[in-house]
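*Asks:* Structure file data02.cif (mmCIF, C-alpha atoms and all ligand atoms; chains and numbers go by the auth columns) is given on the next line.
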data_entry
loop_
_atom_site.group_PDB
_atom_site.id
_atom_site.type_symbol
_atom_site.label_atom_id
_atom_site.label_comp_id
_atom_site.label_asym_id
_atom_site.label_seq_id
_atom_site.Cartn_x
_atom_site.Cartn_y
_atom_site.Cartn_z
_atom_site.B_iso_or_equiv
_atom_site.auth_seq_id
_atom_site.auth_asym_id
ATOM 1 C CA MET A 1 -20.741 107.518 -47.038 0.00 10 A
ATOM 2 C CA ASP A 2 -19.339 106.945 -50.517 0.00 11 A
ATOM 3 C CA ILE A 3 -21.257 104.096 -52.123 0.00 12 A
ATOM 4 C CA ARG A 4 -21.737 102.921 -55.701 0.00 13 A
ATOM 5 C CA VAL A 5 -23.914 100.329 -57.415 0.00 14 A
ATOM 6 C CA GLY A 6 -23.223 98.220 -60.472 0.00 15 A
ATOM 7 C CA GLN A 7 -25.046 95.619 -62.491 0.00 16 A
ATOM 8 C CA GLY A 8 -23.834 92.551 -64.341 0.00 17 A
ATOM 9 C CA PHE A 9 -25.337 90.164 -66.851 0.00 18 A
ATOM 10 C CA ASP A 10 -23.933 87.031 -68.459 0.00 19 A
ATOM 11 C CA VAL A 11 -25.036 84.072 -70.563 0.00 20 A
ATOM 12 C CA HIS A 12 -23.326 80.792 -71.340 0.00 21 A
ATOM 13 C CA ARG A 13 -24.457 78.009 -73.618 0.00 22 A
ATOM 14 C CA LEU A 14 -25.243 74.541 -72.169 0.00 23 A
ATOM 15 C CA VAL A 15 -23.478 71.699 -73.962 0.00 24 A
ATOM 16 C CA GLU A 16 -22.824 67.997 -73.487 0.00 25 A
ATOM 17 C CA GLY A 17 -19.425 66.822 -72.333 0.00 26 A
ATOM 18 C CA ARG A 18 -18.586 69.688 -69.968 0.00 27 A
ATOM 19 C CA GLN A 19 -18.682 69.738 -66.171 0.00 28 A
ATOM 20 C CA PHE A 20 -21.292 72.100 -64.762 0.00 29 A
ATOM 21 C CA PHE A 21 -19.799 74.911 -62.686 0.00 30 A
ATOM 22 C CA LEU A 22 -22.119 77.410 -61.053 0.00 31 A
ATOM 23 C CA GLY A 23 -21.697 79.700 -58.078 0.00 32 A
ATOM 24 C CA GLY A 24 -18.251 78.300 -57.405 0.00 33 A
ATOM 25 C CA LEU A 25 -19.522 74.725 -57.163 0.00 34 A
ATOM 26 C CA CYS A 26 -19.297 71.759 -59.509 0.00 35 A
ATOM 27 C CA LEU A 27 -22.879 70.488 -59.616 0.00 36 A
ATOM 28 C CA PRO A 28 -24.292 67.202 -60.894 0.00 37 A
ATOM 29 C CA PHE A 29 -25.978 67.827 -64.274 0.00 38 A
ATOM 30 C CA GLU A 30 -25.916 66.073 -67.642 0.00 39 A
ATOM 31 C CA LYS A 31 -24.678 69.200 -69.423 0.00 40 A
ATOM 32 C CA GLY A 32 -22.146 71.913 -68.639 0.00 41 A
ATOM 33 C CA LEU A 33 -21.626 75.550 -69.566 0.00 42 A
ATOM 34 C CA LEU A 34 -19.432 76.304 -72.559 0.00 43 A
ATOM 35 C CA GLY A 35 -16.732 78.943 -72.242 0.00 44 A
ATOM 36 C CA HIS A 36 -13.043 79.773 -72.282 0.00 45 A
ATOM 37 C CA SER A 37 -12.906 79.608 -68.472 0.00 46 A
ATOM 38 C CA ASP A 38 -14.974 77.181 -66.400 0.00 47 A
ATOM 39 C CA ALA A 39 -17.910 79.302 -67.704 0.00 48 A
ATOM 40 C CA ASP A 40 -19.390 79.966 -64.259 0.00 49 A
ATOM 41 C CA VAL A 41 -22.069 82.355 -65.460 0.00 50 A
ATOM 42 C CA LEU A 42 -23.106 83.429 -61.947 0.00 51 A
ATOM 43 C CA ILE A 43 -19.580 84.414 -60.914 0.00 52 A
ATOM 44 C CA HIS A 44 -19.108 86.264 -64.203 0.00 53 A
ATOM 45 C CA ALA A 45 -22.267 88.328 -63.642 0.00 54 A
ATOM 46 C CA ILE A 46 -21.094 89.150 -60.107 0.00 55 A
ATOM 47 C CA CYS A 47 -17.628 90.193 -61.365 0.00 56 A
ATOM 48 C CA ASP A 48 -19.220 92.491 -63.928 0.00 57 A
ATOM 49 C CA ALA A 49 -21.499 94.041 -61.292 0.00 58 A
ATOM 50 C CA LEU A 50 -18.493 94.728 -59.040 0.00 59 A
ATOM 51 C CA LEU A 51 -16.367 96.104 -61.868 0.00 60 A
ATOM 52 C CA GLY A 52 -19.267 98.221 -63.089 0.00 61 A
ATOM 53 C CA ALA A 53 -19.826 99.688 -59.634 0.00 62 A
ATOM 54 C CA ALA A 54 -16.182 100.725 -59.457 0.00 63 A
ATOM 55 C CA GLY A 55 -16.166 102.057 -63.033 0.00 64 A
ATOM 56 C CA LEU A 56 -13.572 99.464 -63.995 0.00 65 A
ATOM 57 C CA ARG A 57 -14.953 98.264 -67.344 0.00 66 A
ATOM 58 C CA ASP A 58 -15.879 94.560 -67.550 0.00 67 A
ATOM 59 C CA ILE A 59 -14.626 91.038 -66.974 0.00 68 A
ATOM 60 C CA GLY A 60 -13.557 90.566 -70.601 0.00 69 A
ATOM 61 C CA TYR A 61 -11.374 93.674 -70.367 0.00 70 A
ATOM 62 C CA HIS A 62 -9.435 92.378 -67.350 0.00 71 A
ATOM 63 C CA PHE A 63 -9.493 88.656 -68.163 0.00 72 A
ATOM 64 C CA PRO A 64 -9.722 88.317 -71.991 0.00 73 A
ATOM 65 C CA ASP A 65 -11.324 85.110 -73.269 0.00 74 A
ATOM 66 C CA ASN A 66 -8.644 84.755 -75.956 0.00 75 A
ATOM 67 C CA ASP A 67 -5.802 84.811 -73.409 0.00 76 A
ATOM 68 C CA PRO A 68 -4.419 81.279 -72.889 0.00 77 A
ATOM 69 C CA GLN A 69 -3.686 82.014 -69.209 0.00 78 A
ATOM 70 C CA TYR A 70 -7.448 82.056 -68.580 0.00 79 A
ATOM 71 C CA ALA A 71 -8.242 78.825 -70.466 0.00 80 A
ATOM 72 C CA GLY A 72 -10.233 76.593 -68.166 0.00 81 A
ATOM 73 C CA ILE A 73 -9.567 78.896 -65.215 0.00 82 A
ATOM 74 C CA ASP A 74 -11.607 78.481 -62.050 0.00 83 A
ATOM 75 C CA SER A 75 -13.850 81.555 -62.018 0.00 84 A
ATOM 76 C CA LYS A 76 -13.422 81.773 -58.236 0.00 85 A
ATOM 77 C CA ILE A 77 -9.927 83.075 -58.999 0.00 86 A
ATOM 78 C CA LEU A 78 -11.439 85.763 -61.250 0.00 87 A
ATOM 79 C CA LEU A 79 -13.793 86.838 -58.451 0.00 88 A
ATOM 80 C CA GLN A 80 -10.913 86.998 -55.998 0.00 89 A
ATOM 81 C CA ARG A 81 -8.861 89.075 -58.463 0.00 90 A
ATOM 82 C CA THR A 82 -11.839 91.353 -59.122 0.00 91 A
ATOM 83 C CA THR A 83 -12.202 91.954 -55.385 0.00 92 A
ATOM 84 C CA ALA A 84 -8.476 92.755 -55.248 0.00 93 A
ATOM 85 C CA LEU A 85 -8.806 95.260 -58.118 0.00 94 A
ATOM 86 C CA LEU A 86 -11.536 97.049 -56.184 0.00 95 A
ATOM 87 C CA LYS A 87 -9.572 96.928 -52.945 0.00 96 A
ATOM 88 C CA GLU A 88 -6.534 98.515 -54.644 0.00 97 A
ATOM 89 C CA ARG A 89 -8.781 101.454 -55.478 0.00 98 A
ATOM 90 C CA GLY A 90 -10.200 101.701 -51.964 0.00 99 A
ATOM 91 C CA TRP A 91 -13.498 99.847 -52.431 0.00 100 A
ATOM 92 C CA ARG A 92 -14.974 97.023 -50.403 0.00 101 A
ATOM 93 C CA VAL A 93 -18.035 94.946 -51.228 0.00 102 A
ATOM 94 C CA GLY A 94 -21.256 95.994 -49.512 0.00 103 A
ATOM 95 C CA ASN A 95 -23.642 93.381 -50.823 0.00 104 A
ATOM 96 C CA ILE A 96 -24.517 91.341 -53.872 0.00 105 A
ATOM 97 C CA ASP A 97 -27.947 90.353 -55.122 0.00 106 A
ATOM 98 C CA ALA A 98 -27.924 87.872 -57.993 0.00 107 A
ATOM 99 C CA THR A 99 -30.447 85.866 -59.993 0.00 108 A
ATOM 100 C CA VAL A 100 -29.769 82.755 -62.054 0.00 109 A
ATOM 101 C CA CYS A 101 -32.241 81.955 -64.852 0.00 110 A
ATOM 102 C CA ALA A 102 -32.228 78.210 -65.501 0.00 111 A
ATOM 103 C CA GLU A 103 -34.955 75.728 -66.304 0.00 112 A
ATOM 104 C CA ARG A 104 -32.887 72.921 -64.786 0.00 113 A
ATOM 105 C CA PRO A 105 -31.257 71.747 -62.575 0.00 114 A
ATOM 106 C CA LYS A 106 -33.057 72.842 -59.423 0.00 115 A
ATOM 107 C CA LEU A 107 -30.577 75.190 -57.775 0.00 116 A
ATOM 108 C CA ASN A 108 -32.271 76.051 -54.496 0.00 117 A
ATOM 109 C CA PRO A 109 -30.655 73.185 -52.522 0.00 118 A
ATOM 110 C CA PHE A 110 -27.189 74.476 -53.464 0.00 119 A
ATOM 111 C CA ILE A 111 -27.646 78.178 -52.740 0.00 120 A
ATOM 112 C CA PRO A 112 -26.383 78.191 -49.119 0.00 121 A
ATOM 113 C CA GLN A 113 -23.219 76.398 -50.246 0.00 122 A
ATOM 114 C CA MET A 114 -22.758 78.906 -53.079 0.00 123 A
ATOM 115 C CA GLN A 115 -23.065 81.781 -50.603 0.00 124 A
ATOM 116 C CA ASP A 116 -20.535 80.130 -48.277 0.00 125 A
ATOM 117 C CA THR A 117 -18.158 79.586 -51.217 0.00 126 A
ATOM 118 C CA LEU A 118 -18.369 83.031 -52.815 0.00 127 A
ATOM 119 C CA ALA A 119 -18.544 85.270 -49.729 0.00 128 A
ATOM 120 C CA PRO A 120 -14.938 84.730 -48.544 0.00 129 A
ATOM 121 C CA LEU A 121 -13.639 85.475 -52.051 0.00 130 A
ATOM 122 C CA MET A 122 -15.232 88.922 -51.741 0.00 131 A
ATOM 123 C CA GLU A 123 -14.228 89.249 -48.059 0.00 132 A
ATOM 124 C CA VAL A 124 -17.834 89.502 -46.889 0.00 133 A
ATOM 125 C CA ALA A 125 -20.231 87.346 -44.860 0.00 134 A
ATOM 126 C CA PRO A 126 -22.522 84.855 -46.620 0.00 135 A
ATOM 127 C CA GLU A 127 -25.627 86.928 -45.772 0.00 136 A
ATOM 128 C CA GLN A 128 -24.166 89.766 -47.891 0.00 137 A
ATOM 129 C CA VAL A 129 -24.322 87.510 -50.943 0.00 138 A
ATOM 130 C CA SER A 130 -27.911 86.927 -52.022 0.00 139 A
ATOM 131 C CA ILE A 131 -28.396 84.332 -54.740 0.00 140 A
ATOM 132 C CA LYS A 132 -31.790 83.609 -56.245 0.00 141 A
ATOM 133 C CA ALA A 133 -32.852 81.101 -58.867 0.00 142 A
ATOM 134 C CA THR A 134 -35.746 81.270 -61.281 0.00 143 A
ATOM 135 C CA THR A 135 -36.959 79.456 -64.346 0.00 144 A
ATOM 136 C CA THR A 136 -38.234 81.448 -67.313 0.00 145 A
ATOM 137 C CA GLU A 137 -41.385 79.321 -67.543 0.00 146 A
ATOM 138 C CA LYS A 138 -39.890 77.266 -70.409 0.00 147 A
ATOM 139 C CA LEU A 139 -39.666 80.442 -72.524 0.00 148 A
ATOM 140 C CA GLY A 140 -36.639 81.558 -74.508 0.00 149 A
ATOM 141 C CA PHE A 141 -33.153 80.038 -74.611 0.00 150 A
ATOM 142 C CA THR A 142 -33.063 79.426 -70.878 0.00 151 A
ATOM 143 C CA GLY A 143 -36.473 77.799 -71.007 0.00 152 A
ATOM 144 C CA ARG A 144 -35.331 75.517 -73.828 0.00 153 A
ATOM 145 C CA GLU A 145 -32.250 74.630 -71.755 0.00 154 A
ATOM 146 C CA GLU A 146 -29.918 75.963 -74.454 0.00 155 A
ATOM 147 C CA GLY A 147 -28.145 78.141 -71.947 0.00 156 A
ATOM 148 C CA ILE A 148 -28.169 79.764 -68.537 0.00 157 A
ATOM 149 C CA ALA A 149 -28.311 83.483 -67.791 0.00 158 A
ATOM 150 C CA ALA A 150 -27.328 85.309 -64.628 0.00 159 A
ATOM 151 C CA LEU A 151 -27.916 88.859 -63.420 0.00 160 A
ATOM 152 C CA ALA A 152 -26.269 90.554 -60.483 0.00 161 A
ATOM 153 C CA VAL A 153 -26.338 93.860 -58.664 0.00 162 A
ATOM 154 C CA ALA A 154 -23.476 94.928 -56.429 0.00 163 A
ATOM 155 C CA LEU A 155 -23.154 97.711 -53.909 0.00 164 A
ATOM 156 C CA ILE A 156 -19.637 98.792 -52.987 0.00 165 A
ATOM 157 C CA GLU A 157 -18.429 101.163 -50.280 0.00 166 A
ATOM 158 C CA LYS A 158 -15.326 103.337 -49.998 0.00 167 A
ATOM 159 C CA ILE A 159 -13.066 101.919 -47.308 0.00 168 A
HETATM 160 MG MG MG B . -19.025 84.688 -69.017 0.00 201 A
#
Give the structure from this file in C-alpha cells form.
*Replies:*
Amino acid sequence: MDIRVGQGFDVHRLVEGRQFFLGGLCLPFEKGLLGHSDADVLIHAICDALLGAAGLRDIGYHFPDNDPQYAGIDSKILLQRTTALLKERGWRVGNIDATVCAERPKLNPFIPQMQDTLAPLMEVAPEQVSIKATTTEKLGFTGREEGIAALAVALIEKI
C-alpha cells in the first residue's frame, strides 16, 4: 500500500471586530482570527498537512494571501480544493489528527460538529477526522489569548 504522511502548523492572531471561524464553524467569541481569508487556523493546518503529505508545497503557494480572489474566502473551499488537488494526483485522505491550542473559548462542545463539517470536504467519514483542543496553561501567545495555533498530521493513500 502506498501511503504518505504530512504535517501542518498555522497561527493566526486574535483581534476584536472579526467573526471567529474555526474548524469550518462560526463560533460565538468576543474576538476573531485575523487573516486574508476567514483565517480558520485549524483548516489551514489541515490543508498544509495534506499538501505536505502529497509533496505539493503549502497553502500559501496554492492560495496566496495577497491574491484578491482569496480575500475573506471561506476556508472550507480551500480544504475542498486541496482535496481535489490530491485527488487529481491519485491520492485520497486516510485520516487526520489535529490539535488546536487555545486558552479560550472552550472548544470541546463544538468538536463533533467540526468533524461532521470537515469530513465531507475531504470525502471521508467524521471518525477519520480527529480534532483535539488544548490550552497552553496560560503560557506564550496562545496562553495570553493573542492568537490561536493549530497542528495537524495527515495520512494519505494512493487510490
Ligand atoms: Mg493561515
*Asks:* Collect all residues with atoms no farther than 6 Å from ligand MG 201 (chain A), counting only C-alpha atoms and all ligand atoms, and output them as a list in words.
*Replies:* Asp19, Ala48, Val50 and His53 of chain A
*Asks:* With a cut-off of 10 Å, could you pull out the residues of region 105-163 of chain A touching region 23-27 of chain A and give me the nearest pair of atoms for each, distance in Å to one decimal, using all atoms listed in the file, ordered by chain and ascending number, as a Markdown table?
*Replies:*
| residue | atom | partner | partner_atom | distance |
| --- | --- | --- | --- | --- |
| A:Phe150 | CA | A:Leu23 | CA | 9.9 |
| A:Thr151 | CA | A:Leu23 | CA | 9.3 |
| A:Glu154 | CA | A:Leu23 | CA | 7.0 |
| A:Glu155 | CA | A:Leu23 | CA | 5.4 |
| A:Gly156 | CA | A:Leu23 | CA | 4.6 |
| A:Ile157 | CA | A:Leu23 | CA | 7.0 |
*Asks:* Could you list, as a ChimeraX atom specification, every residue within 12 Å of Asn104 (chain A), counting only C-alpha atoms and ignoring same-chain residues fewer than 5 positions away?
*Replies:* /A:12-16,55,58-59,62,124,127-128,131-140,161-166
*Asks:* Identify which of the residues A:Glu146, A:Asp11, A:Asp67, A:Asp57 lies closest to Ile105 (chain A), counting all atoms listed in the file when measuring atom-to-atom distances.
*Replies:* A:Asp57
*Asks:* Output the residue selection produced by the PyMOL selection byres (((chain A and resi 159) around 8) and not hetatm) on the file above, formatted as a PyMOL selection string.
*Replies:* chain A and resi 18-20+50-51+54+107-110+157-158+160-161
*Asks:* Those same residues - C-alpha atoms - I'd like them written as a PDB file, in the frame of the given file.
*Replies:*
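See result_24.pdb below for the written result:
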ATOM      1  CA  PHE A  18     -25.337  90.164 -66.851  1.00  0.00           C
ATOM      2  CA  ASP A  19     -23.933  87.031 -68.459  1.00  0.00           C
ATOM      3  CA  VAL A  20     -25.036  84.072 -70.563  1.00  0.00           C
ATOM      4  CA  VAL A  50     -22.069  82.355 -65.460  1.00  0.00           C
ATOM      5  CA  LEU A  51     -23.106  83.429 -61.947  1.00  0.00           C
ATOM      6  CA  ALA A  54     -22.267  88.328 -63.642  1.00  0.00           C
ATOM      7  CA  ALA A 107     -27.924  87.872 -57.993  1.00  0.00           C
ATOM      8  CA  THR A 108     -30.447  85.866 -59.993  1.00  0.00           C
ATOM      9  CA  VAL A 109     -29.769  82.755 -62.054  1.00  0.00           C
ATOM     10  CA  CYS A 110     -32.241  81.955 -64.852  1.00  0.00           C
ATOM     11  CA  ILE A 157     -28.169  79.764 -68.537  1.00  0.00           C
ATOM     12  CA  ALA A 158     -28.311  83.483 -67.791  1.00  0.00           C
ATOM     13  CA  LEU A 160     -27.916  88.859 -63.420  1.00  0.00           C
ATOM     14  CA  ALA A 161     -26.269  90.554 -60.483  1.00  0.00           C
TER      15      ALA A 161
END
*Asks:* Skipping near chain neighbours, those fewer than 6 positions away, what residues fall within 7 Å of region 80-86 of chain A using only C-alpha atoms, listed as a list in words?
*Replies:*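 What passes the distance filter is Gly33, His45, Ser46, Asp47, Asp49 and Ile52 of chain A.
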*Asks:* Take the residues that were just selected and, keeping C-alpha atoms, output them as a PDB file, keeping the file's coordinate frame.
*Replies:*
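Output below, filename out09.pdb:
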ATOM      1  CA  GLY A  33     -18.251  78.300 -57.405  1.00  0.00           C
ATOM      2  CA  HIS A  45     -13.043  79.773 -72.282  1.00  0.00           C
ATOM      3  CA  SER A  46     -12.906  79.608 -68.472  1.00  0.00           C
ATOM      4  CA  ASP A  47     -14.974  77.181 -66.400  1.00  0.00           C
ATOM      5  CA  ASP A  49     -19.390  79.966 -64.259  1.00  0.00           C
ATOM      6  CA  ILE A  52     -19.580  84.414 -60.914  1.00  0.00           C
TER       7      ILE A  52
END
*Asks:* With all heavy atoms as the goal, would you fill in the gaps in region 76-87 of chain A and present it as an mmCIF file, in the coordinates of the input?
*Replies:*
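After the write, part.cif holds the following:
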data_model
loop_
_atom_site.group_PDB
_atom_site.id
_atom_site.type_symbol
_atom_site.label_atom_id
_atom_site.label_comp_id
_atom_site.auth_asym_id
_atom_site.auth_seq_id
_atom_site.Cartn_x
_atom_site.Cartn_y
_atom_site.Cartn_z
ATOM 1 N N ASP A 76 -7.107 84.889 -74.067
ATOM 2 C CA ASP A 76 -5.802 84.811 -73.409
ATOM 3 C C ASP A 76 -5.629 83.406 -72.831
ATOM 4 O O ASP A 76 -6.414 82.980 -71.983
ATOM 5 C CB ASP A 76 -5.755 85.863 -72.291
ATOM 6 C CG ASP A 76 -4.378 85.961 -71.641
ATOM 7 O OD1 ASP A 76 -3.632 84.960 -71.674
ATOM 8 O OD2 ASP A 76 -4.064 87.031 -71.101
ATOM 9 N N PRO A 77 -4.595 82.667 -73.326
ATOM 10 C CA PRO A 77 -4.419 81.279 -72.889
ATOM 11 C C PRO A 77 -4.295 81.122 -71.372
ATOM 12 O O PRO A 77 -4.643 80.071 -70.838
ATOM 13 C CB PRO A 77 -3.118 80.829 -73.580
ATOM 14 C CG PRO A 77 -2.761 81.890 -74.543
ATOM 15 C CD PRO A 77 -3.579 83.103 -74.276
ATOM 16 N N GLN A 78 -3.842 82.161 -70.669
ATOM 17 C CA GLN A 78 -3.686 82.014 -69.209
ATOM 18 C C GLN A 78 -5.038 81.855 -68.504
ATOM 19 O O GLN A 78 -5.087 81.418 -67.355
ATOM 20 C CB GLN A 78 -2.881 83.166 -68.594
ATOM 21 C CG GLN A 78 -3.567 84.503 -68.616
ATOM 22 C CD GLN A 78 -2.853 85.545 -67.760
ATOM 23 O OE1 GLN A 78 -2.585 85.345 -66.577
ATOM 24 N NE2 GLN A 78 -2.530 86.668 -68.381
ATOM 25 N N TYR A 79 -6.119 82.199 -69.197
ATOM 26 C CA TYR A 79 -7.448 82.056 -68.580
ATOM 27 C C TYR A 79 -8.210 80.834 -69.098
ATOM 28 O O TYR A 79 -9.361 80.636 -68.744
ATOM 29 C CB TYR A 79 -8.272 83.332 -68.769
ATOM 30 C CG TYR A 79 -7.594 84.537 -68.169
ATOM 31 C CD1 TYR A 79 -7.220 85.622 -68.949
ATOM 32 C CD2 TYR A 79 -7.286 84.565 -66.803
ATOM 33 C CE1 TYR A 79 -6.566 86.714 -68.399
ATOM 34 C CE2 TYR A 79 -6.635 85.654 -66.242
ATOM 35 C CZ TYR A 79 -6.271 86.720 -67.043
ATOM 36 O OH TYR A 79 -5.622 87.797 -66.497
ATOM 37 N N ALA A 80 -7.563 80.019 -69.938
ATOM 38 C CA ALA A 80 -8.242 78.825 -70.466
ATOM 39 C C ALA A 80 -8.549 77.865 -69.327
ATOM 40 O O ALA A 80 -7.659 77.465 -68.575
ATOM 41 C CB ALA A 80 -7.363 78.151 -71.515
ATOM 42 N N GLY A 81 -9.813 77.549 -69.191
ATOM 43 C CA GLY A 81 -10.233 76.593 -68.166
ATOM 44 C C GLY A 81 -10.085 77.084 -66.741
ATOM 45 O O GLY A 81 -10.229 76.307 -65.801
ATOM 46 N N ILE A 82 -9.829 78.386 -66.570
ATOM 47 C CA ILE A 82 -9.567 78.896 -65.215
ATOM 48 C C ILE A 82 -10.819 78.790 -64.340
ATOM 49 O O ILE A 82 -11.949 78.937 -64.814
ATOM 50 C CB ILE A 82 -9.035 80.360 -65.251
ATOM 51 C CG1 ILE A 82 -8.394 80.747 -63.912
ATOM 52 C CG2 ILE A 82 -10.136 81.334 -65.653
ATOM 53 C CD1 ILE A 82 -7.664 82.079 -63.926
ATOM 54 N N ASP A 83 -10.569 78.504 -63.076
ATOM 55 C CA ASP A 83 -11.607 78.481 -62.050
ATOM 56 C C ASP A 83 -12.077 79.929 -61.850
ATOM 57 O O ASP A 83 -11.285 80.798 -61.486
ATOM 58 C CB ASP A 83 -10.972 77.922 -60.766
ATOM 59 C CG ASP A 83 -11.947 77.816 -59.606
ATOM 60 O OD1 ASP A 83 -13.003 78.484 -59.640
ATOM 61 O OD2 ASP A 83 -11.634 77.067 -58.659
ATOM 62 N N SER A 84 -13.347 80.181 -62.101
ATOM 63 C CA SER A 84 -13.850 81.555 -62.018
ATOM 64 C C SER A 84 -13.752 82.123 -60.603
ATOM 65 O O SER A 84 -13.803 83.352 -60.438
ATOM 66 C CB SER A 84 -15.286 81.627 -62.526
ATOM 67 O OG SER A 84 -15.312 81.376 -63.918
ATOM 68 N N LYS A 85 -13.611 81.268 -59.603
ATOM 69 C CA LYS A 85 -13.422 81.773 -58.236
ATOM 70 C C LYS A 85 -12.163 82.637 -58.168
ATOM 71 O O LYS A 85 -12.113 83.615 -57.431
ATOM 72 C CB LYS A 85 -13.336 80.604 -57.235
ATOM 73 C CG LYS A 85 -14.660 79.852 -57.094
ATOM 74 C CD LYS A 85 -14.680 78.935 -55.883
ATOM 75 C CE LYS A 85 -13.815 77.705 -56.016
ATOM 76 N NZ LYS A 85 -14.293 76.761 -57.048
ATOM 77 N N ILE A 86 -11.160 82.281 -58.961
ATOM 78 C CA ILE A 86 -9.927 83.075 -58.999
ATOM 79 C C ILE A 86 -10.229 84.458 -59.604
ATOM 80 O O ILE A 86 -9.716 85.473 -59.135
ATOM 81 C CB ILE A 86 -8.834 82.332 -59.814
ATOM 82 C CG1 ILE A 86 -8.441 81.044 -59.081
ATOM 83 C CG2 ILE A 86 -7.619 83.213 -60.090
ATOM 84 C CD1 ILE A 86 -7.617 80.077 -59.926
ATOM 85 N N LEU A 87 -11.083 84.478 -60.624
ATOM 86 C CA LEU A 87 -11.439 85.763 -61.250
ATOM 87 C C LEU A 87 -12.187 86.660 -60.265
ATOM 88 O O LEU A 87 -11.977 87.880 -60.237
ATOM 89 C CB LEU A 87 -12.277 85.531 -62.514
ATOM 90 C CG LEU A 87 -11.668 84.624 -63.593
ATOM 91 C CD1 LEU A 87 -12.598 84.546 -64.803
ATOM 92 C CD2 LEU A 87 -10.287 85.117 -64.020
#
